[in-house]
Amino acid sequence: MMAATLPVLAVTGMNAEARIAGGSGVATLAGGGDAARLALLLQGALSRGARAVISFGIAGGLAPGLKPGTVIIARAVDDGETVMLTDPVWLKRLSSALPDAIVADLVGVDHMVVGHDAKTHLHATTGAAAVDMESHIAARLAALHQVPFAALRIVADPAERTLPHAATVGMRPDGSTDVKAVLKALARRPADLPALIRTAFDARAAFSALKHSRSLLCGHLGFGEIDLAREDGVPRPLVDIDVGTLGVFGVGTDVSVENR
């Protein structure tokens with residue numbers, strides 16, 4: 001397979017994020033909040049080939065004052081031990097396409113950061129503007145496979161807020177939404193309803209910004225559409241990657257590449 005036909009791989013937590021990221025020349029992988037599963041799936045996807053990897057989706061705010069919907073383009077990703085820089089050329093392209101975004105560091109964690117105190121501590125120790133559960137894994141494996149890496153994240157819950165318990169149980173390991181789990185958690189703690197409604201409004205603002213950012217990036221999520229369509233100056237068709245209904249480009253998945 002020629003380098004020009006390889007996809008950009010968008011790594012997300014939820015299927016809803018993957019649906020926004022997907023498109024011609026973009027394969028998606030939803031981790032579902034399970035770090036070990038995500039690493040396994042991502043290793044399988046990268047062994048099949050990818051032109052570049054981008055972590056894409058929403059995040060928890062860590063820096064004070066960042067409102068829901070704030071767009072963050074990562075300069076680097078901190079996994080708690082190592083700070084991994086994003087690709088500088090891709091960073092420049094993303095910044096040019098999204099002039100209202102802020103360029104800042106992200107921190108990746110294996111477990112959800114819920115409380116205000118925990119967010120404050122993580123910001124103080126890392127300096128990161130936001131936190132998510134996929135960027136550090138995507139950055140590690142992109143480096144291992146020597147492909148460019150970038151991260152685009154939108155603040156959902158701001159640093160000043162603590163997520164209600166019901167908001168933390170709604171994602172299945174395959175990245176889909178578990179509405180029943182949310183309702184059960186709310187039934188046990190009905191006093192969480194106002195906070196859950198507020199969280200839903202925050203998420204709506206974040207997803208609106210995510211969709212808008214995706215529309216501005218077009219094509220291959222800002223990764224050199226012209227370069228991807230040509231090799232040695234010869235125009236080549238773009239590709240669509242059929243990754244199935246769940247958008248998971250995984251270890252056991254048959255992946256078909258079709259020129260259109």
# chains A, B, ... in the order shown; residues from 1 in each chain; ligands from 1
>>> select_by_dssp(residues="segment 12-232 of chain A", states="helix (DSSP H, G or I)", output="ChimeraX atom specification")
/A:15-21,35-48,88-97,116-126,135-144,165-168,179-188,190-217,225-229
>>> residues_around(residues="segment 212-221 of chain A", least_positions_apart="6", cutoff="8 Å", atoms="only C-alpha atoms", output="PyMOL selection string")
chain A and resi 8+20-21+23-26+94+97-98
>>> residues_around(residues="Ala181 of chain A", least_positions_apart="3", cutoff="12 Å", atoms="only C-alpha atoms", output="count of residues only")
16
>>> residues_around(residues="Leu38 of chain A", least_positions_apart="5", cutoff="8 Å", atoms="only C-alpha atoms", output="MDAnalysis selection string")
chainID A and resid 30:33 134 137
>>> write_last_selection(atoms="all heavy atoms", output="PDB file, in the first residue's frame")
ATOM      1  N   ALA A  30     -12.676   4.373  18.520  1.00  0.00           N
ATOM      2  CA  ALA A  30     -13.240   4.839  19.788  1.00  0.00           C
ATOM      3  C   ALA A  30     -12.780   3.931  20.920  1.00  0.00           C
ATOM      4  O   ALA A  30     -13.025   2.725  20.886  1.00  0.00           O
ATOM      5  CB  ALA A  30     -14.763   4.863  19.719  1.00  0.00           C
ATOM      6  N   GLY A  31     -12.134   4.503  21.929  1.00  0.00           N
ATOM      7  CA  GLY A  31     -11.537   3.715  22.999  1.00  0.00           C
ATOM      8  C   GLY A  31     -12.468   3.338  24.122  1.00  0.00           C
ATOM      9  O   GLY A  31     -12.213   2.389  24.848  1.00  0.00           O
ATOM     10  N   GLY A  32     -13.569   4.094  24.310  1.00  0.00           N
ATOM     11  CA  GLY A  32     -14.541   3.751  25.335  1.00  0.00           C
ATOM     12  C   GLY A  32     -14.060   3.903  26.766  1.00  0.00           C
ATOM     13  O   GLY A  32     -14.643   3.316  27.676  1.00  0.00           O
ATOM     14  N   GLY A  33     -13.014   4.667  26.996  1.00  0.00           N
ATOM     15  CA  GLY A  33     -12.534   4.899  28.353  1.00  0.00           C
ATOM     16  C   GLY A  33     -11.731   3.757  28.940  1.00  0.00           C
ATOM     17  O   GLY A  33     -11.398   3.784  30.131  1.00  0.00           O
ATOM     18  N   GLU A 134      -7.355   9.627  26.165  1.00  0.00           N
ATOM     19  CA  GLU A 134      -6.869   8.987  24.947  1.00  0.00           C
ATOM     20  C   GLU A 134      -5.572   9.569  24.399  1.00  0.00           C
ATOM     21  O   GLU A 134      -4.789   8.853  23.762  1.00  0.00           O
ATOM     22  CB  GLU A 134      -7.927   9.066  23.838  1.00  0.00           C
ATOM     23  CG  GLU A 134      -9.212   8.317  24.111  1.00  0.00           C
ATOM     24  CD  GLU A 134     -10.178   9.084  24.998  1.00  0.00           C
ATOM     25  OE1 GLU A 134     -10.190  10.339  24.904  1.00  0.00           O
ATOM     26  OE2 GLU A 134     -10.901   8.439  25.794  1.00  0.00           O
ATOM     27  N   ILE A 137      -2.112   7.839  25.143  1.00  0.00           N
ATOM     28  CA  ILE A 137      -1.951   6.534  24.503  1.00  0.00           C
ATOM     29  C   ILE A 137      -1.707   6.708  23.009  1.00  0.00           C
ATOM     30  O   ILE A 137      -0.832   6.058  22.418  1.00  0.00           O
ATOM     31  CB  ILE A 137      -3.194   5.671  24.766  1.00  0.00           C
ATOM     32  CG1 ILE A 137      -3.349   5.441  26.269  1.00  0.00           C
ATOM     33  CG2 ILE A 137      -3.108   4.333  24.026  1.00  0.00           C
ATOM     34  CD1 ILE A 137      -4.660   4.800  26.670  1.00  0.00           C
TER      35      ILE A 137
END
>>> closest_residue(among="A:Leu41, A:Ala159, A:Ala191, A:Ala209", to="Ala124 of chain A", atoms="only C-alpha atoms")
A:Ala159
>>> residues_around(residues="segment 79-91 of chain A", least_positions_apart="5", cutoff="8 Å", atoms="only C-alpha atoms", output="ChimeraX atom specification")
/A:73-74,107-109,126,136,139-140,148-151,222-223
>>> write_last_selection(atoms="N, CA, C and O atoms", output="PDB file, in the first residue's frame")
ATOM      1  N   ILE A  73      -5.650  23.153  20.819  1.00  0.00           N
ATOM      2  CA  ILE A  73      -4.732  22.409  19.954  1.00  0.00           C
ATOM      3  C   ILE A  73      -3.492  22.123  20.788  1.00  0.00           C
ATOM      4  O   ILE A  73      -2.876  23.036  21.336  1.00  0.00           O
ATOM      5  N   ALA A  74      -3.147  20.849  20.894  1.00  0.00           N
ATOM      6  CA  ALA A  74      -2.074  20.477  21.815  1.00  0.00           C
ATOM      7  C   ALA A  74      -0.700  20.798  21.252  1.00  0.00           C
ATOM      8  O   ALA A  74      -0.377  20.455  20.112  1.00  0.00           O
ATOM      9  N   VAL A 107      -2.848  16.765  29.282  1.00  0.00           N
ATOM     10  CA  VAL A 107      -2.355  15.651  30.077  1.00  0.00           C
ATOM     11  C   VAL A 107      -3.312  14.482  29.853  1.00  0.00           C
ATOM     12  O   VAL A 107      -4.533  14.666  29.794  1.00  0.00           O
ATOM     13  N   GLY A 108      -2.743  13.295  29.677  1.00  0.00           N
ATOM     14  CA  GLY A 108      -3.546  12.106  29.485  1.00  0.00           C
ATOM     15  C   GLY A 108      -3.534  11.236  30.731  1.00  0.00           C
ATOM     16  O   GLY A 108      -2.499  11.077  31.377  1.00  0.00           O
ATOM     17  N   VAL A 109      -4.699  10.684  31.079  1.00  0.00           N
ATOM     18  CA  VAL A 109      -4.822   9.831  32.266  1.00  0.00           C
ATOM     19  C   VAL A 109      -5.627   8.591  31.900  1.00  0.00           C
ATOM     20  O   VAL A 109      -6.386   8.581  30.934  1.00  0.00           O
ATOM     21  N   THR A 126       1.190  19.636  36.345  1.00  0.00           N
ATOM     22  CA  THR A 126       1.574  19.438  34.948  1.00  0.00           C
ATOM     23  C   THR A 126       1.563  20.718  34.122  1.00  0.00           C
ATOM     24  O   THR A 126       2.226  20.787  33.078  1.00  0.00           O
ATOM     25  N   HIS A 136      -2.648  10.530  25.550  1.00  0.00           N
ATOM     26  CA  HIS A 136      -1.337   9.995  25.928  1.00  0.00           C
ATOM     27  C   HIS A 136      -1.077   8.641  25.276  1.00  0.00           C
ATOM     28  O   HIS A 136       0.062   8.341  24.866  1.00  0.00           O
ATOM     29  N   ALA A 139      -0.412   9.319  21.567  1.00  0.00           N
ATOM     30  CA  ALA A 139       0.909   9.911  21.371  1.00  0.00           C
ATOM     31  C   ALA A 139       2.013   8.859  21.488  1.00  0.00           C
ATOM     32  O   ALA A 139       2.962   8.840  20.686  1.00  0.00           O
ATOM     33  N   ARG A 140       1.908   7.983  22.481  1.00  0.00           N
ATOM     34  CA  ARG A 140       2.924   6.940  22.667  1.00  0.00           C
ATOM     35  C   ARG A 140       3.022   6.037  21.446  1.00  0.00           C
ATOM     36  O   ARG A 140       4.120   5.748  20.942  1.00  0.00           O
ATOM     37  N   PRO A 148       3.355  11.062  12.358  1.00  0.00           N
ATOM     38  CA  PRO A 148       3.034  12.343  12.988  1.00  0.00           C
ATOM     39  C   PRO A 148       1.823  12.239  13.909  1.00  0.00           C
ATOM     40  O   PRO A 148       0.887  11.482  13.642  1.00  0.00           O
ATOM     41  N   PHE A 149       1.858  13.042  14.975  1.00  0.00           N
ATOM     42  CA  PHE A 149       0.778  13.035  15.959  1.00  0.00           C
ATOM     43  C   PHE A 149       0.317  14.452  16.247  1.00  0.00           C
ATOM     44  O   PHE A 149       1.123  15.385  16.325  1.00  0.00           O
ATOM     45  N   ALA A 150      -0.999  14.605  16.408  1.00  0.00           N
ATOM     46  CA  ALA A 150      -1.586  15.880  16.823  1.00  0.00           C
ATOM     47  C   ALA A 150      -2.753  15.587  17.755  1.00  0.00           C
ATOM     48  O   ALA A 150      -3.222  14.450  17.849  1.00  0.00           O
ATOM     49  N   ALA A 151      -3.221  16.606  18.448  1.00  0.00           N
ATOM     50  CA  ALA A 151      -4.378  16.453  19.325  1.00  0.00           C
ATOM     51  C   ALA A 151      -5.226  17.709  19.262  1.00  0.00           C
ATOM     52  O   ALA A 151      -4.712  18.827  19.381  1.00  0.00           O
ATOM     53  N   GLY A 222      -6.948  18.453   8.610  1.00  0.00           N
ATOM     54  CA  GLY A 222      -5.872  19.436   8.557  1.00  0.00           C
ATOM     55  C   GLY A 222      -4.505  18.874   8.252  1.00  0.00           C
ATOM     56  O   GLY A 222      -3.517  19.600   8.283  1.00  0.00           O
ATOM     57  N   PHE A 223      -4.440  17.578   7.902  1.00  0.00           N
ATOM     58  CA  PHE A 223      -3.127  16.991   7.636  1.00  0.00           C
ATOM     59  C   PHE A 223      -2.836  16.970   6.144  1.00  0.00           C
ATOM     60  O   PHE A 223      -2.948  15.954   5.471  1.00  0.00           O
TER      61      PHE A 223
END
>>> closest_residue(among="A:His111, A:Arg75, A:Arg189, A:Arg93", to="Arg153 of chain A", atoms="only C-alpha atoms")
A:Arg75
>>> atom_distance(atom1="atom CA of Ala118 of chain A", atom2="atom CA of Leu163 of chain A")
11.3 Å
>>> atom_distance(atom1="atom CA of Ala128 of chain A", atom2="atom CA of Pro68 of chain A")
16.2 Å
>>> atom_distance(atom1="atom CA of Ala50 of chain A", atom2="atom CA of Arg37 of chain A")
18.7 Å
>>> closest_residue(among="A:Leu152, A:Met112, A:Val71, A:Ile54", to="Ala206 of chain A", atoms="only C-alpha atoms")
A:Val71
>>> residues_around(residues="segment 58-60 of chain A", least_positions_apart="2", cutoff="9 Å", atoms="only C-alpha atoms", output="PyMOL selection string")
chain A and resi 12-13+17+56+62+69+112-114+119+129-133+152-159+203+206-207+210
>>> closest_residue(among="A:Gly175, A:Leu122, A:Pro64, A:Asp192", to="Thr28 of chain A", atoms="only C-alpha atoms")
A:Gly175
>>> residues_around(residues="Ser55 of chain A", least_positions_apart="3", cutoff="6 Å", atoms="only C-alpha atoms", output="list of chain:residue names")
A:Ala10, A:Val11, A:Ser135, A:Ala151
>>> select_by_dssp(residues="segment 24-251 of chain A", states="strand (DSSP E or B)", output="number ranges by chain")
A: 26-30, 52-61, 71-78, 83-85, 102-108, 130-132, 149-155, 171, 177, 230-231, 234-235, 239-242
